[in-house]
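Asks: This is the structure, below, for whatever I ask next.
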Amino acid sequence: MLTITRRIPFCAGHRLPLHKGGCRNLHGHNYVLRVTIVAPETKEGMVLDFADVKRAVKGWIDENWDHAFIADRTDRDVLNLIDSMDMRRYIMPEGPPTAEGMAEHLLCDVLPDLLGPLGCVCIRVEIEETENCVASCSLDNAEEMMLPRHGGATA
Ligand SMILES: [Zn+2]
């Protein structure tokens, strides 16, 4: 299978309200996102033009996560603080803003809407919090999703 991977660095703040250690404090990371994309067929030798990946995926990151505070939706104190200071925030639809949760949210909720219109599927998202700590989320049915659709009966 041919794939392409685009690396997209961004900065964001977060905290894990129920964490026993340092991660319960407000802090940030220089995150590195990697999205791996497949398409049912290549066009002009490409899965997808890297410029299109940049426009779609980096565009979304720039608008939603870069220099934002990525918050747990139940973390009312932090949400009130951020809103009182008129700061940029992104509320996770479910669960705490761990690297794992962020990877899953991108793969399952965000990227299908961005890449579907381009005829592609993201099969793997990696979120690097530090160069030593990386979480990933992958589709396990990527081959199935890439099979050409055959409508109706065959002759
Ligand atoms: Zn952190």
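Lettering and numbering for the structure tokens are positional, with chains as A, B, ... in the shown order, residues counted from 1 in each chain, and ligands counted from 1 in the shown order.
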Leaving out Val134 of chain A and any residue of its chain fewer than 6 positions from it, which residues lie within 12 Å of it when counting only C-alpha atoms, given as a short mmCIF file (atom, residue, chain, number, x, y, z; two decimals) with C-alpha atoms, in the first residue's frame?

Replies:
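Done, and the output landed in result24.cif:
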```cif
data_model
loop_
_atom_site.label_atom_id
_atom_site.label_comp_id
_atom_site.auth_asym_id
_atom_site.auth_seq_id
_atom_site.Cartn_x
_atom_site.Cartn_y
_atom_site.Cartn_z
CA TYR A 31 3.46 18.89 19.70
CA VAL A 32 4.32 17.15 16.45
CA LEU A 33 1.40 15.64 14.55
CA ARG A 34 1.97 13.05 11.83
CA THR A 98 -4.20 13.21 26.38
CA ALA A 99 -2.06 12.64 23.29
CA GLU A 100 -4.03 9.40 22.82
CA GLY A 101 -7.38 11.20 23.02
CA MET A 102 -6.22 13.90 20.64
CA ALA A 103 -5.00 11.29 18.12
CA VAL A 125 -2.36 9.66 13.43
CA GLU A 126 0.62 10.12 15.71
CA ILE A 127 0.81 12.85 18.33
CA GLU A 128 4.25 13.48 19.76
#
```

Asks: Can you pull out every residue from segment 3-147 of chain A that DSSP, working from the backbone, puts in strand (DSSP E or B), and format the result as an MDAnalysis selection string?

Replies: chainID A and resid 4:14 27:38 43 46 68:71 89:91 121:130 133:138

Asks: Let me have all residues with an atom within 8 Å of ligand 1, counting only C-alpha atoms and all ligand atoms, laid out as a PyMOL selection string.

Replies: chain A and resi 13-16+23+27-29+98+129

Asks: I need the residues from that last selection saved to file as an mmCIF file, in the first residue's frame (with C-alpha atoms), if you can.

Replies:
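Output contents, as saved in result24.cif:
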```cif
data_model
loop_
_atom_site.group_PDB
_atom_site.id
_atom_site.type_symbol
_atom_site.label_atom_id
_atom_site.label_comp_id
_atom_site.auth_asym_id
_atom_site.auth_seq_id
_atom_site.Cartn_x
_atom_site.Cartn_y
_atom_site.Cartn_z
ATOM 1 C CA GLY A 13 -1.585 24.048 26.279
ATOM 2 C CA HIS A 14 -3.476 21.409 28.201
ATOM 3 C CA ARG A 15 -3.822 19.752 31.578
ATOM 4 C CA LEU A 16 -5.124 16.400 32.757
ATOM 5 C CA CYS A 23 0.245 16.743 34.195
ATOM 6 C CA HIS A 27 1.329 23.398 30.856
ATOM 7 C CA GLY A 28 2.005 23.130 27.150
ATOM 8 C CA HIS A 29 3.857 21.122 24.556
ATOM 9 C CA THR A 98 -4.197 13.213 26.377
ATOM 10 C CA GLU A 129 4.216 15.363 23.077
#
```

Asks: Write out as a ChimeraX atom specification the residues lying within 12 Å of Leu115 of chain A, counting only C-alpha atoms and excluding same-chain residues fewer than 5 positions away.

Replies: /A:35-39,47-49,52-58,60,106-110,120-123

Asks: If you keep C-alpha atoms, can you produce a file of those selected residues as an mmCIF file, in the first residue's frame?

Replies:
```
data_model
loop_
_atom_site.group_PDB
_atom_site.id
_atom_site.type_symbol
_atom_site.label_atom_id
_atom_site.label_comp_id
_atom_site.auth_asym_id
_atom_site.auth_seq_id
_atom_site.Cartn_x
_atom_site.Cartn_y
_atom_site.Cartn_z
ATOM 1 C CA VAL A 35 -0.900 12.017 9.584
ATOM 2 C CA THR A 36 -0.560 9.024 7.265
ATOM 3 C CA ILE A 37 -2.895 8.990 4.287
ATOM 4 C CA VAL A 38 -3.921 6.453 1.657
ATOM 5 C CA ALA A 39 -6.045 6.730 -1.470
ATOM 6 C CA VAL A 47 -1.573 9.546 -3.103
ATOM 7 C CA LEU A 48 -2.429 13.208 -2.490
ATOM 8 C CA ASP A 49 -0.532 16.394 -3.214
ATOM 9 C CA ASP A 52 -3.509 19.682 -0.327
ATOM 10 C CA VAL A 53 -2.653 17.899 2.941
ATOM 11 C CA LYS A 54 -1.138 21.116 4.218
ATOM 12 C CA ARG A 55 -4.162 23.191 3.203
ATOM 13 C CA ALA A 56 -6.677 20.785 4.744
ATOM 14 C CA VAL A 57 -4.962 19.398 7.841
ATOM 15 C CA LYS A 58 -2.522 22.138 8.816
ATOM 16 C CA TRP A 60 -7.529 22.867 10.658
ATOM 17 C CA LEU A 106 -8.430 13.624 14.868
ATOM 18 C CA LEU A 107 -8.537 10.199 13.210
ATOM 19 C CA CYS A 108 -12.191 9.424 13.903
ATOM 20 C CA ASP A 109 -13.972 12.787 14.058
ATOM 21 C CA VAL A 110 -11.947 15.475 12.292
ATOM 22 C CA CYS A 120 -8.398 10.017 0.743
ATOM 23 C CA VAL A 121 -8.458 8.343 4.138
ATOM 24 C CA CYS A 122 -6.139 8.963 7.063
ATOM 25 C CA ILE A 123 -5.133 5.557 8.428
#
```

Asks: Expressed in Å to a single decimal, how great is the separation between atom CA of Leu81 of chain A and atom CA of Asp62 of chain A?

Replies: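 Here the two named atoms are 22.4 Å from each other.
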
Asks: From the set A:Ala71, A:Leu111, A:Leu139, A:Ile4, which residue has the shortest atom-to-atom contact distance to Arg124 of chain A, counting only C-alpha atoms?

Replies: A:Leu139

Asks: One decimal, in Å: what's the spacing between atom CA of Asp140 of chain A and atom CA of Gly45 of chain A?

Replies: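 The value is 25.2 Å.
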
Asks: At a cut-off of 10 Å, using only C-alpha atoms, what residues contact Ile91 of chain A? Leave out same-chain residues fewer than 6 positions from it and give the result as an mmCIF file with C-alpha atoms, in the first residue's frame.

Replies:
```
data_model
loop_
_atom_site.group_PDB
_atom_site.id
_atom_site.type_symbol
_atom_site.label_atom_id
_atom_site.label_comp_id
_atom_site.auth_asym_id
_atom_site.auth_seq_id
_atom_site.Cartn_x
_atom_site.Cartn_y
_atom_site.Cartn_z
ATOM 1 C CA ASN A 64 -8.306 24.987 16.163
ATOM 2 C CA TRP A 65 -5.288 23.747 18.128
ATOM 3 C CA ALA A 68 -4.929 27.159 21.959
ATOM 4 C CA PHE A 69 -5.636 25.532 25.311
ATOM 5 C CA ILE A 70 -7.037 22.054 24.644
ATOM 6 C CA ALA A 71 -9.448 21.419 27.483
ATOM 7 C CA ASP A 72 -11.354 18.576 29.057
ATOM 8 C CA ARG A 73 -15.035 19.494 28.700
ATOM 9 C CA THR A 74 -15.650 18.711 32.380
ATOM 10 C CA ASP A 75 -12.792 20.967 33.585
ATOM 11 C CA LEU A 79 -12.733 26.718 31.132
ATOM 12 C CA PRO A 97 -6.817 15.947 26.258
#
```

Asks: Out of A:Thr3, A:Pro112, A:Leu26, A:Glu94, which residue has the shortest atom-to-atom distance to Ile82 of chain A when counting only C-alpha atoms?

Replies: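 Smallest distance to Ile82 of chain A is found for A:Leu26.
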
Asks: If you measure from atom CA of Arg6 of chain A to atom CA of Phe50 of chain A, what distance in Å do you get, rounded to one decimal?

Replies: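 Computing the Euclidean distance for atom CA of Arg6 of chain A and atom CA of Phe50 of chain A yields 7.3 Å.
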
Asks: Just asking: which residues within segment 87-129 of chain A are helix (DSSP H, G or I) according to DSSP, as a list of chain:residue names?

Replies: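 After running DSSP on the backbone, segment 87-129 of chain A has helix (DSSP H, G or I) at A:Ala99, A:Glu100, A:Gly101, A:Met102, A:Ala103, A:Glu104, A:His105, A:Leu106, A:Leu107, A:Cys108, A:Asp109, A:Val110, A:Leu111, A:Pro112, A:Asp113, A:Leu114, A:Leu115, A:Gly116, A:Pro117, A:Leu118.
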
Asks: With C-alpha atoms retained, could you export that selection as an mmCIF file, in the first residue's frame?

Replies:
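After the write, result.cif holds the following:
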```cif
data_model
loop_
_atom_site.group_PDB
_atom_site.id
_atom_site.type_symbol
_atom_site.label_atom_id
_atom_site.label_comp_id
_atom_site.auth_asym_id
_atom_site.auth_seq_id
_atom_site.Cartn_x
_atom_site.Cartn_y
_atom_site.Cartn_z
ATOM 1 C CA ALA A 99 -2.064 12.640 23.292
ATOM 2 C CA GLU A 100 -4.031 9.400 22.817
ATOM 3 C CA GLY A 101 -7.377 11.195 23.023
ATOM 4 C CA MET A 102 -6.219 13.904 20.638
ATOM 5 C CA ALA A 103 -4.999 11.290 18.123
ATOM 6 C CA GLU A 104 -8.284 9.380 18.299
ATOM 7 C CA HIS A 105 -10.371 12.540 17.958
ATOM 8 C CA LEU A 106 -8.430 13.624 14.868
ATOM 9 C CA LEU A 107 -8.537 10.199 13.210
ATOM 10 C CA CYS A 108 -12.191 9.424 13.903
ATOM 11 C CA ASP A 109 -13.972 12.787 14.058
ATOM 12 C CA VAL A 110 -11.947 15.475 12.292
ATOM 13 C CA LEU A 111 -9.932 14.002 9.434
ATOM 14 C CA PRO A 112 -12.727 12.089 7.649
ATOM 15 C CA ASP A 113 -14.484 15.412 6.967
ATOM 16 C CA LEU A 114 -11.273 17.076 5.796
ATOM 17 C CA LEU A 115 -9.891 14.268 3.640
ATOM 18 C CA GLY A 116 -13.058 12.546 2.426
ATOM 19 C CA PRO A 117 -13.773 15.304 -0.119
ATOM 20 C CA LEU A 118 -10.203 14.851 -1.405
#
```

Asks: Please determine, counting only C-alpha atoms, which residue among A:Gly59, A:Met1, A:Asn25, A:Glu131 has the shortest atom-to-atom distance to Glu41 of chain A.

Replies: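 Result for the nearest residue to Glu41 of chain A: A:Met1.
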
Asks: Taking only C-alpha atoms into account, name the residue in A:Pro17, A:Phe10, A:Glu63, A:Pro93 that is nearest to Arg76 of chain A.

Replies: A:Pro17
